[in-house]
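Participant: Sending over run_12.cif (mmCIF, C-alpha atoms).
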```cif
data_work
loop_
_atom_site.label_atom_id
_atom_site.label_comp_id
_atom_site.auth_asym_id
_atom_site.auth_seq_id
_atom_site.Cartn_x
_atom_site.Cartn_y
_atom_site.Cartn_z
CA MET U 976 16.86 13.16 10.99
CA LEU U 977 17.62 9.50 11.50
CA GLN U 978 16.07 7.74 14.47
CA LYS U 979 15.92 4.11 15.56
CA HIS U 980 12.98 2.43 17.24
CA ASN U 981 12.64 -1.09 18.56
CA TYR U 982 9.05 -1.90 19.50
CA ASP U 983 8.19 -4.61 21.98
CA ARG U 984 5.72 -6.86 20.16
CA ARG U 985 4.09 -8.23 23.31
CA ARG U 986 3.36 -4.72 24.55
CA PHE U 987 1.86 -3.90 21.16
CA LEU U 988 -0.52 -6.86 21.21
CA GLU U 989 -1.92 -5.74 24.53
CA THR U 990 -2.39 -2.22 23.18
CA ALA U 991 -4.12 -3.51 20.05
CA ALA U 992 -6.73 -5.34 22.11
CA ILE U 993 -7.61 -2.14 23.96
CA ALA U 994 -7.74 -0.23 20.69
CA MET U 995 -10.14 -2.73 19.16
CA ALA U 996 -12.54 -2.36 22.06
CA ALA U 997 -12.39 1.43 21.80
CA GLY U 998 -12.60 1.72 18.01
CA PRO U 999 -15.34 -0.40 16.42
CA ILE U 1000 -15.70 -0.57 12.68
CA LEU U 1001 -18.14 1.92 11.21
CA MET U 1002 -19.93 1.39 7.92
CA ILE U 1003 -19.55 4.78 6.28
CA GLY U 1004 -19.86 5.87 2.68
CA GLY U 1005 -21.80 7.69 0.02
CA ALA U 1006 -25.26 6.93 -1.26
CA ASN U 1007 -23.95 4.27 -3.62
CA ALA U 1008 -21.87 2.50 -0.98
CA GLN U 1009 -22.89 -1.10 -0.31
CA PRO U 1010 -21.63 -3.45 2.38
CA PHE U 1011 -19.52 -6.44 1.39
CA LYS U 1012 -18.92 -8.83 4.26
CA THR U 1013 -15.68 -10.77 4.34
CA GLY U 1014 -16.31 -12.11 7.82
CA PRO U 1015 -16.74 -10.95 11.39
CA LEU U 1016 -14.19 -8.75 13.09
CA THR U 1017 -12.95 -10.58 16.14
CA SER U 1018 -12.51 -8.44 19.22
CA GLY U 1019 -13.31 -8.63 22.91
CA LYS U 1020 -11.91 -8.24 26.37
CA SER U 1021 -10.21 -11.63 26.23
CA SER U 1022 -8.52 -10.97 22.87
CA THR U 1023 -4.87 -9.99 22.74
CA LYS U 1024 -4.71 -9.24 19.00
CA ILE U 1025 -6.64 -9.29 15.78
CA ASN U 1026 -5.86 -12.82 14.70
CA ALA U 1027 -5.24 -14.11 11.22
CA SER U 1028 -8.77 -15.50 10.87
CA SER U 1029 -10.46 -12.15 11.55
CA SER U 1030 -11.39 -9.73 8.83
CA PHE U 1031 -12.63 -6.24 8.08
CA ASP U 1032 -16.18 -5.40 7.08
CA ILE U 1033 -15.90 -4.23 3.48
CA LYS U 1034 -17.95 -1.53 1.80
CA GLN U 1035 -18.20 -0.96 -1.95
CA ILE U 1036 -18.49 2.39 -3.69
CA ASN U 1037 -18.34 3.55 -7.31
CA ALA U 1038 -15.47 5.98 -7.83
CA GLY U 1039 -14.00 6.94 -11.19
CA LEU U 1040 -13.39 3.82 -13.26
CA LEU U 1041 -13.90 1.45 -10.37
CA ASN U 1042 -16.20 -0.03 -7.82
CA ILE U 1043 -13.80 0.12 -4.89
CA GLY U 1044 -13.85 -2.17 -1.89
CA TYR U 1045 -12.67 -0.55 1.32
CA ALA U 1046 -12.65 -0.79 5.10
CA ASP U 1047 -13.72 2.20 7.18
CA LEU U 1048 -12.95 2.39 10.90
CA GLY U 1049 -13.22 5.01 13.60
CA PRO U 1050 -15.41 8.06 14.20
CA ALA U 1051 -17.16 9.50 11.13
CA ASP U 1052 -16.02 13.00 12.06
CA GLY U 1053 -12.42 12.06 12.76
CA LYS U 1054 -9.44 13.32 10.81
CA VAL U 1055 -9.13 11.03 7.80
CA VAL U 1056 -6.18 8.68 7.31
CA ILE U 1057 -6.05 6.70 4.06
CA LEU U 1058 -3.82 3.61 4.20
CA LEU U 1059 -2.54 2.22 0.91
CA HIS U 1060 -1.21 -1.30 0.45
CA GLY U 1061 1.32 -2.63 -2.04
CA TRP U 1062 2.01 -5.72 -4.14
CA PRO U 1063 1.74 -8.57 -3.34
CA TYR U 1064 -0.17 -7.50 -0.25
CA ASP U 1065 -3.62 -6.16 0.58
CA ILE U 1066 -5.60 -4.20 3.17
CA TYR U 1067 -4.71 -6.71 5.91
CA SER U 1068 -1.23 -5.24 6.07
CA PHE U 1069 -3.03 -2.66 8.23
CA THR U 1070 -5.04 -5.07 10.36
CA ASP U 1071 -3.33 -3.92 13.57
CA VAL U 1072 -2.52 -0.33 12.53
CA ALA U 1073 -6.14 0.62 11.82
CA PRO U 1074 -7.61 0.00 15.30
CA LEU U 1075 -4.71 1.81 16.95
CA LEU U 1076 -5.48 4.92 14.91
CA ALA U 1077 -9.25 4.58 15.28
CA ALA U 1078 -8.84 4.46 19.06
CA LYS U 1079 -7.06 7.82 18.84
CA GLY U 1080 -10.01 9.39 17.05
CA TYR U 1081 -8.93 9.06 13.42
CA ARG U 1082 -11.25 7.88 10.68
CA VAL U 1083 -9.20 5.18 8.96
CA ILE U 1084 -10.02 4.21 5.38
CA ILE U 1085 -8.25 1.33 3.62
CA PRO U 1086 -9.10 0.75 -0.06
CA TYR U 1087 -8.22 -2.22 -2.20
CA LEU U 1088 -6.16 -0.98 -5.15
CA ARG U 1089 -7.26 -1.80 -8.69
CA GLY U 1090 -6.68 -5.49 -9.33
CA PHE U 1091 -6.97 -6.49 -5.67
CA GLY U 1092 -9.70 -7.81 -3.40
CA THR U 1093 -13.25 -6.70 -4.09
CA THR U 1094 -12.31 -3.71 -6.25
CA ARG U 1095 -13.67 -4.11 -9.79
CA PHE U 1096 -13.68 -2.12 -13.01
CA LEU U 1097 -17.09 -0.72 -13.87
CA SER U 1098 -16.65 -1.56 -17.56
CA VAL U 1099 -15.22 -4.62 -19.29
CA LYS U 1100 -13.94 -2.21 -21.96
CA THR U 1101 -11.64 -0.29 -19.64
CA PHE U 1102 -7.97 -0.98 -20.27
CA ARG U 1103 -6.42 -2.86 -17.34
CA ASN U 1104 -3.75 -0.27 -16.72
CA GLY U 1105 -1.17 -0.54 -13.95
CA GLN U 1106 0.46 2.87 -14.48
CA PRO U 1107 1.41 4.61 -11.23
CA SER U 1108 -0.48 7.78 -12.16
CA ALA U 1109 -3.64 5.79 -12.95
CA ILE U 1110 -3.57 4.19 -9.50
CA ALA U 1111 -3.03 7.58 -7.85
CA LEU U 1112 -5.98 9.07 -9.73
CA ASP U 1113 -8.11 6.14 -8.53
CA ILE U 1114 -7.49 7.35 -4.98
CA ILE U 1115 -8.28 10.95 -5.90
CA ALA U 1116 -11.60 9.80 -7.42
CA PHE U 1117 -12.23 7.69 -4.31
CA MET U 1118 -11.67 10.71 -2.07
CA ASP U 1119 -13.95 12.84 -4.25
CA THR U 1120 -16.76 10.30 -4.04
CA LEU U 1121 -16.47 10.06 -0.26
CA LYS U 1122 -16.30 13.88 -0.11
CA ILE U 1123 -12.89 13.86 1.52
CA ASP U 1124 -11.08 17.08 0.63
CA LYS U 1125 -7.82 16.24 2.37
CA ALA U 1126 -6.36 13.25 4.20
CA ILE U 1127 -3.21 11.93 5.79
CA LEU U 1128 -1.83 9.41 3.29
CA ALA U 1129 0.32 6.50 4.38
CA GLY U 1130 1.51 3.38 2.60
CA PHE U 1131 4.22 1.01 1.52
CA ASP U 1132 5.36 -0.45 -1.81
CA TRP U 1133 2.78 0.49 -4.50
CA GLY U 1134 0.87 2.26 -1.74
CA ALA U 1135 3.85 4.43 -0.81
CA ARG U 1136 4.40 5.31 -4.46
CA THR U 1137 0.74 6.22 -4.81
CA ALA U 1138 0.83 8.39 -1.68
CA ASP U 1139 4.05 10.05 -2.88
CA ILE U 1140 2.46 10.87 -6.24
CA ILE U 1141 -0.62 12.45 -4.69
CA ALA U 1142 1.51 14.45 -2.25
CA ALA U 1143 3.71 15.67 -5.10
CA LEU U 1144 1.09 16.46 -7.76
CA TRP U 1145 -1.96 17.27 -5.62
CA PRO U 1146 -0.57 18.55 -2.30
CA ASP U 1147 -3.90 20.22 -1.50
CA ARG U 1148 -5.36 16.71 -1.05
CA CYS U 1149 -2.67 15.50 1.36
CA SER U 1150 -2.25 17.00 4.84
CA ALA U 1151 0.67 14.75 5.80
CA LEU U 1152 2.53 11.77 4.36
CA VAL U 1153 4.07 8.57 5.71
CA SER U 1154 5.98 6.62 3.08
CA VAL U 1155 7.86 3.36 3.62
CA SER U 1156 11.12 3.36 1.64
CA GLY U 1157 10.81 7.06 1.00
CA TYR U 1158 10.50 8.73 -2.38
CA LEU U 1159 9.37 6.11 -4.89
CA ILE U 1160 8.32 8.31 -7.80
CA GLY U 1161 9.89 7.13 -11.05
CA SER U 1162 9.41 7.10 -14.80
CA GLN U 1163 9.81 4.88 -17.84
CA ALA U 1164 13.08 6.62 -18.67
CA ALA U 1165 14.44 5.87 -15.21
CA GLY U 1166 13.28 2.25 -15.54
CA LYS U 1167 15.45 1.78 -18.63
CA ILE U 1168 18.71 2.72 -16.91
CA PRO U 1169 20.88 -0.37 -16.23
CA LEU U 1170 21.85 -1.08 -12.64
CA PRO U 1171 24.84 -2.99 -11.23
CA PRO U 1172 24.35 -6.78 -11.48
CA SER U 1173 23.70 -7.21 -7.76
CA ALA U 1174 20.89 -4.65 -7.97
CA GLU U 1175 19.45 -6.18 -11.13
CA LEU U 1176 19.34 -9.55 -9.37
CA GLN U 1177 16.90 -8.12 -6.83
CA TRP U 1178 14.52 -7.29 -9.68
CA TRP U 1179 14.42 -10.87 -11.00
CA TYR U 1180 10.62 -10.96 -11.03
CA GLN U 1181 10.46 -7.78 -13.12
CA PHE U 1182 12.36 -9.56 -15.90
CA TYR U 1183 10.24 -12.70 -15.44
CA PHE U 1184 7.09 -10.63 -15.83
CA ALA U 1185 8.45 -9.20 -19.09
CA THR U 1186 7.94 -12.60 -20.74
CA GLU U 1187 4.74 -14.38 -21.69
CA ARG U 1188 6.00 -17.37 -19.73
CA GLY U 1189 6.26 -15.10 -16.69
CA LYS U 1190 2.71 -13.86 -17.14
CA ALA U 1191 1.40 -17.40 -17.46
CA GLY U 1192 3.54 -18.55 -14.53
CA TYR U 1193 2.29 -15.79 -12.27
CA ASP U 1194 -1.30 -16.58 -13.20
CA LYS U 1195 -0.83 -20.29 -12.51
CA TYR U 1196 1.24 -20.02 -9.34
CA ARG U 1197 0.27 -16.61 -7.99
CA ASN U 1198 -0.08 -17.71 -4.36
CA ASP U 1199 3.20 -19.64 -4.36
CA PHE U 1200 4.86 -16.74 -6.14
CA ASN U 1201 3.56 -14.12 -3.72
CA LYS U 1202 4.42 -16.16 -0.65
CA LEU U 1203 7.98 -16.36 -1.98
CA ILE U 1204 8.04 -12.57 -2.40
CA TRP U 1205 6.82 -12.17 1.19
CA LYS U 1206 9.67 -14.35 2.44
CA LEU U 1207 12.34 -12.62 0.35
CA ALA U 1208 11.12 -9.12 1.17
CA SER U 1209 10.75 -9.81 4.90
CA PRO U 1210 13.30 -12.53 5.68
CA LYS U 1211 12.88 -12.25 9.47
CA TRP U 1212 9.08 -12.07 9.56
CA ASN U 1213 7.69 -15.43 10.69
CA PHE U 1214 4.17 -15.11 9.31
CA ASP U 1215 1.95 -18.19 9.38
CA ASP U 1216 -0.20 -19.72 6.64
CA ALA U 1217 -3.41 -18.22 8.03
CA THR U 1218 -1.93 -14.72 7.82
CA PHE U 1219 -0.82 -15.22 4.24
CA ASN U 1220 -4.03 -16.93 3.14
CA ARG U 1221 -6.16 -14.07 4.43
CA SER U 1222 -4.31 -11.68 2.12
CA ALA U 1223 -4.04 -14.21 -0.71
CA ALA U 1224 -7.80 -14.00 -1.22
CA ALA U 1225 -7.17 -10.52 -2.67
CA PHE U 1226 -5.11 -12.01 -5.49
CA ASP U 1227 -8.14 -13.90 -6.83
CA ASN U 1228 -9.37 -10.63 -8.34
CA PRO U 1229 -10.11 -11.21 -12.06
CA ASP U 1230 -7.92 -8.25 -13.06
CA HIS U 1231 -5.04 -8.98 -10.70
CA VAL U 1232 -2.63 -10.59 -13.15
CA ALA U 1233 -3.30 -8.04 -15.89
CA ILE U 1234 -2.70 -5.08 -13.56
CA VAL U 1235 0.49 -6.52 -12.02
CA ILE U 1236 2.01 -7.50 -15.34
CA HIS U 1237 1.17 -4.17 -16.97
CA ASN U 1238 2.61 -2.25 -14.02
CA TYR U 1239 6.03 -3.86 -14.33
CA ARG U 1240 6.10 -3.95 -18.12
CA TRP U 1241 5.10 -0.29 -18.29
CA ARG U 1242 7.94 0.64 -15.94
CA GLN U 1243 10.44 -0.89 -18.37
CA GLY U 1244 8.80 0.73 -21.39
CA LEU U 1245 7.68 -2.63 -22.75
CA GLU U 1246 4.00 -1.69 -22.82
CA ASN U 1247 2.25 1.59 -23.45
CA GLY U 1248 0.04 3.40 -21.03
CA GLU U 1249 -2.91 5.62 -21.86
CA SER U 1250 -2.55 9.09 -23.30
CA LYS U 1251 -4.88 10.61 -20.72
CA TYR U 1252 -2.15 10.04 -18.11
CA ASP U 1253 0.66 11.55 -20.21
CA ASP U 1254 0.61 14.93 -18.47
CA ALA U 1255 0.79 13.40 -14.99
CA GLU U 1256 3.57 11.01 -16.02
CA ALA U 1257 5.53 13.87 -17.61
CA ARG U 1258 5.34 15.84 -14.37
CA LEU U 1259 6.39 12.78 -12.36
CA ALA U 1260 9.35 12.14 -14.68
CA LYS U 1261 10.81 15.46 -13.52
CA GLY U 1262 11.02 14.16 -9.95
CA PRO U 1263 8.80 16.77 -8.26
CA VAL U 1264 9.63 17.77 -4.71
CA ILE U 1265 7.13 16.84 -1.99
CA THR U 1266 6.23 19.88 0.06
CA VAL U 1267 3.75 18.42 2.57
CA PRO U 1268 4.92 17.34 6.06
CA ALA U 1269 6.35 13.84 5.74
CA ILE U 1270 7.94 10.94 7.57
CA THR U 1271 9.72 8.19 5.69
CA LEU U 1272 10.27 4.79 7.28
CA GLU U 1273 12.56 1.85 6.58
CA GLY U 1274 12.78 -1.54 8.19
CA ASP U 1275 16.25 -2.69 9.19
CA ALA U 1276 15.68 -6.06 7.45
CA ASN U 1277 13.96 -4.96 4.24
CA GLY U 1278 14.84 -7.58 1.64
CA ALA U 1279 13.09 -5.82 -1.25
CA PRO U 1280 14.88 -3.36 -3.55
CA HIS U 1281 14.78 0.08 -1.96
CA PRO U 1282 16.75 3.35 -2.10
CA GLN U 1283 18.89 4.57 0.74
CA PRO U 1284 17.38 7.43 2.79
CA SER U 1285 20.24 9.75 1.84
CA ALA U 1286 19.30 9.35 -1.82
CA TYR U 1287 15.87 10.91 -1.42
CA ALA U 1288 16.06 13.23 1.60
CA ALA U 1289 16.29 16.30 -0.65
CA LYS U 1290 12.98 15.40 -2.27
CA PHE U 1291 11.12 16.47 0.88
CA SER U 1292 11.10 20.22 1.37
CA GLY U 1293 8.53 20.47 4.18
CA LYS U 1294 8.95 19.37 7.78
CA TYR U 1295 10.49 15.92 7.45
CA ALA U 1296 11.99 13.01 9.36
CA ASN U 1297 13.33 9.60 8.42
CA LYS U 1298 13.18 6.69 10.83
CA ILE U 1299 14.82 3.27 10.70
CA ILE U 1300 12.65 0.68 12.46
CA SER U 1301 14.82 -1.99 14.03
CA GLY U 1302 14.05 -5.48 15.26
CA GLY U 1303 14.22 -7.48 12.03
CA ILE U 1304 11.50 -5.46 10.27
CA GLY U 1305 11.11 -6.16 6.58
CA HIS U 1306 9.24 -4.73 3.60
CA ASN U 1307 5.68 -5.11 4.93
CA LEU U 1308 6.43 -2.62 7.69
CA PRO U 1309 2.83 -1.80 8.74
CA GLN U 1310 2.07 -5.44 9.48
CA GLU U 1311 5.45 -6.24 10.99
CA ALA U 1312 5.74 -3.09 13.12
CA PRO U 1313 2.21 -1.69 13.42
CA GLN U 1314 2.87 0.45 16.49
CA ALA U 1315 5.80 2.16 14.77
CA PHE U 1316 3.72 2.80 11.66
CA ALA U 1317 0.78 4.19 13.64
CA ASP U 1318 3.13 6.38 15.70
CA ALA U 1319 4.66 7.79 12.50
CA ILE U 1320 1.21 8.74 11.20
CA MET U 1321 0.35 10.55 14.41
CA GLU U 1322 3.72 12.29 14.44
CA ALA U 1323 3.37 13.38 10.82
CA ASP U 1324 -0.09 14.70 11.65
CA GLY U 1325 1.54 16.77 14.37
CA PHE U 1326 3.97 18.19 11.80
CA SER U 1327 1.02 19.72 9.94
CA LYS U 1328 -0.31 21.63 12.95
#
```
Would you mind writing the file out in structure tokens?

Facilitator:
Amino acid sequence: MLQKHNYDRRRFLETAAIAMAAGPILMIGGANAQPFKTGPLTSGKSSTKINASSSFDIKQINAGLLNIGYADLGPADGKVVILLHGWPYDIYSFTDVAPLLAAKGYRVIIPYLRGFGTTRFLSVKTFRNGQPSAIALDIIAFMDTLKIDKAILAGFDWGARTADIIAALWPDRCSALVSVSGYLIGSQAAGKIPLPPSAELQWWYQFYFATERGKAGYDKYRNDFNKLIWKLASPKWNFDDATFNRSAAAFDNPDHVAIVIHNYRWRQGLENGESKYDDAEARLAKGPVITVPAITLEGDANGAPHPQPSAYAAKFSGKYANKIISGGIGHNLPQEAPQAFADAIMEADGFSK
């Protein structure tokens, strides 16, 4: 199923203001959850949007190997939606999506992935591992700690891959899935297969990260680097400096560079992972089919490398739809087209009923 949607941005901004008034942030968590304030959430009757200077209230909770920073919006007894960001982005990709969902009665939880924002490793001895399966198991541990048996999972980039992995390997934890750019499960073997030159060109940063110069360069110029990625991945998105800078704070995480570099080097087989993830990675290498209800999304102006919908449609065996979001929408689809992303989550939820 291929559908096209063009969302009027002005109409969305008006809707977001109403949603903010109806869905205040709730501070929810386990006994070891602690608040971490990043600033006040701006809302009010005169507001037309959540502006780039506003921020979520952040909670911290120990889960698995990490102390995870996360935002938690909406009613405590609402159906849970977990939103997962990518690289080089953060939880503010969902700054307008979250209140829309909270206003509809969903409990919306947005964690910082390992290496981002206020998420920290509990031990200095833990290997700074960027393997896809390790990141997915972080979210499983996070759900366990918050006593969430099952959730709607939605994300883009690394977040979409993480949601795909959980839906494929632990379908009992995922009631429905929304994945930008579709089926993103891969393996080291797949990462070693040469692509046509034009496709390889799109992965220029992956080859840069394979060098020590690239690692040092990313560390030194991470904000300049990531702003360039934003522009290349979303060529028609006219974000301002305040919007970027709000997310750039997440890249100051002490483990950020190590996690990013390991992620891309591991994909090419240039660095080893950890043996405890071997079973999960072996299962993922077989390209498991996703059986949970799912919607895949793609922006019509996505400048980042991404597969065509026809290439992965067969990987979804449950109720499924693919939607192309038009209007110059790039890679950071939740932030560029928040109404479309929120609508897809609610539609996917309907698939599961």

Participant: Quick one: pull the distance between CA of Asn1201 (chain U) and CA of Asn1228 (chain U), Å, one decimal.

Facilitator: 14.2 Å

Participant: What would the selection look like, as a ChimeraX atom specification, if the PyMOL selection byres ((chain U and resi 1052-1062) around 7) were run on the coordinates I just shared?

Facilitator: /U:1050-1051,1063-1066,1068,1080-1086,1126-1135

Participant: Would you mind reading off the distance between CA of Trp1179 (chain U) and CA of Phe1226 (chain U), one decimal, in Å?

Facilitator: 20.3 Å

Participant: With distances taken over all atoms listed in the file, which of U:Phe1069, U:Ala1319, U:Gln1035, U:Gln1106 is nearest to Ser1250 (chain U)?

Facilitator: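 Of U:Phe1069, U:Ala1319, U:Gln1035, U:Gln1106, the one nearest Ser1250 (chain U), counting all atoms listed in the file, is U:Gln1106.
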
Participant: Quick one: of U:Pro1282, U:Pro1210, U:Pro1074, U:Gly1161, who's nearest to Ser1108 (chain U), counting all atoms listed in the file?

Facilitator: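 Among the listed residues, the smallest separation from Ser1108 (chain U) belongs to U:Gly1161.
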
Participant: Using all atoms listed in the file, which protein or nucleic acid residues come within 8 Å of Thr1101 (chain U)? Drop anything in the same chain fewer than 4 positions from it, and give the result as a CSV table (one decimal) with C-alpha atoms, in the frame of the given file.

Facilitator:
```
chain,number,residue,atom,x,y,z
U,1040,LEU,CA,-13.4,3.8,-13.3
U,1096,PHE,CA,-13.7,-2.1,-13.0
U,1097,LEU,CA,-17.1,-0.7,-13.9
```

Participant: Have a look at U:Asp1215, U:Asp1113, U:Asp1147, U:Asp1071 and name the one nearest to Arg1095 (chain U); count only C-alpha atoms.

Facilitator: U:Asp1113

Participant: Just give me the gap between CA of Leu1048 (chain U) and CA of Gly1325 (chain U) in Å, one decimal is fine.

Facilitator: 20.7 Å

Participant: Which polymer residues have any atom within 7 Å of an atom of Asn1104 (chain U), counting only C-alpha atoms, with same-chain residues fewer than 5 positions away left out, as a PDB file with C-alpha atoms, in the coordinates of the input?

Facilitator:
```
ATOM      1  CA  ILE U1234      -2.700  -5.080 -13.560  1.00  0.00           C
ATOM      2  CA  HIS U1237       1.170  -4.170 -16.970  1.00  0.00           C
ATOM      3  CA  GLY U1248       0.040   3.400 -21.030  1.00  0.00           C
TER       4      GLY U1248
END
```

Participant: Point out the residue among U:Asp1139, U:Ala1174, U:Ala1257, U:His1231 with the least atom-to-atom distance to Phe1291 (chain U), counting only C-alpha atoms.

Facilitator: U:Asp1139

Participant: Convert the output of the PyMOL selection byres ((chain U and resi 1115) around 12) on the shown file into explicit residues, formatted as a PyMOL selection string.

Facilitator: chain U and resi 1038-1041+1057+1086+1108-1114+1116-1126+1128+1137-1138+1140-1142+1144-1149

Participant: List the residues selected by the PyMOL selection byres ((chain U and resi 1268) around 10) in the file shown, writing them as a list in words.

Facilitator: Ile1127, Ala1142, Cys1149, Ser1150, Ala1151, Leu1152, Val1153, Ile1265, Thr1266, Val1267, Ala1269, Ile1270, Phe1291, Ser1292, Gly1293, Lys1294, Tyr1295, Ala1296, Glu1322, Ala1323, Asp1324, Gly1325, Phe1326, Ser1327 and Lys1328 of chain U

Participant: Of the candidates U:Tyr1067, U:Asp1254, U:Ile1304, U:Arg1242, which shows the shortest atom-to-atom distance to Ile1168 (chain U), using all atoms listed in the file?

Facilitator: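 When distances to Ile1168 (chain U) are compared using all atoms listed in the file, the smallest one comes from U:Arg1242.
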
Participant: Of the residues U:Leu1170, U:Leu1308, U:Leu1159, U:Val1099, which is the one nearest to Asp1230 (chain U), using all atoms listed in the file?

Facilitator: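 Among U:Leu1170, U:Leu1308, U:Leu1159, U:Val1099, it is U:Val1099 that comes nearest to Asp1230 (chain U).
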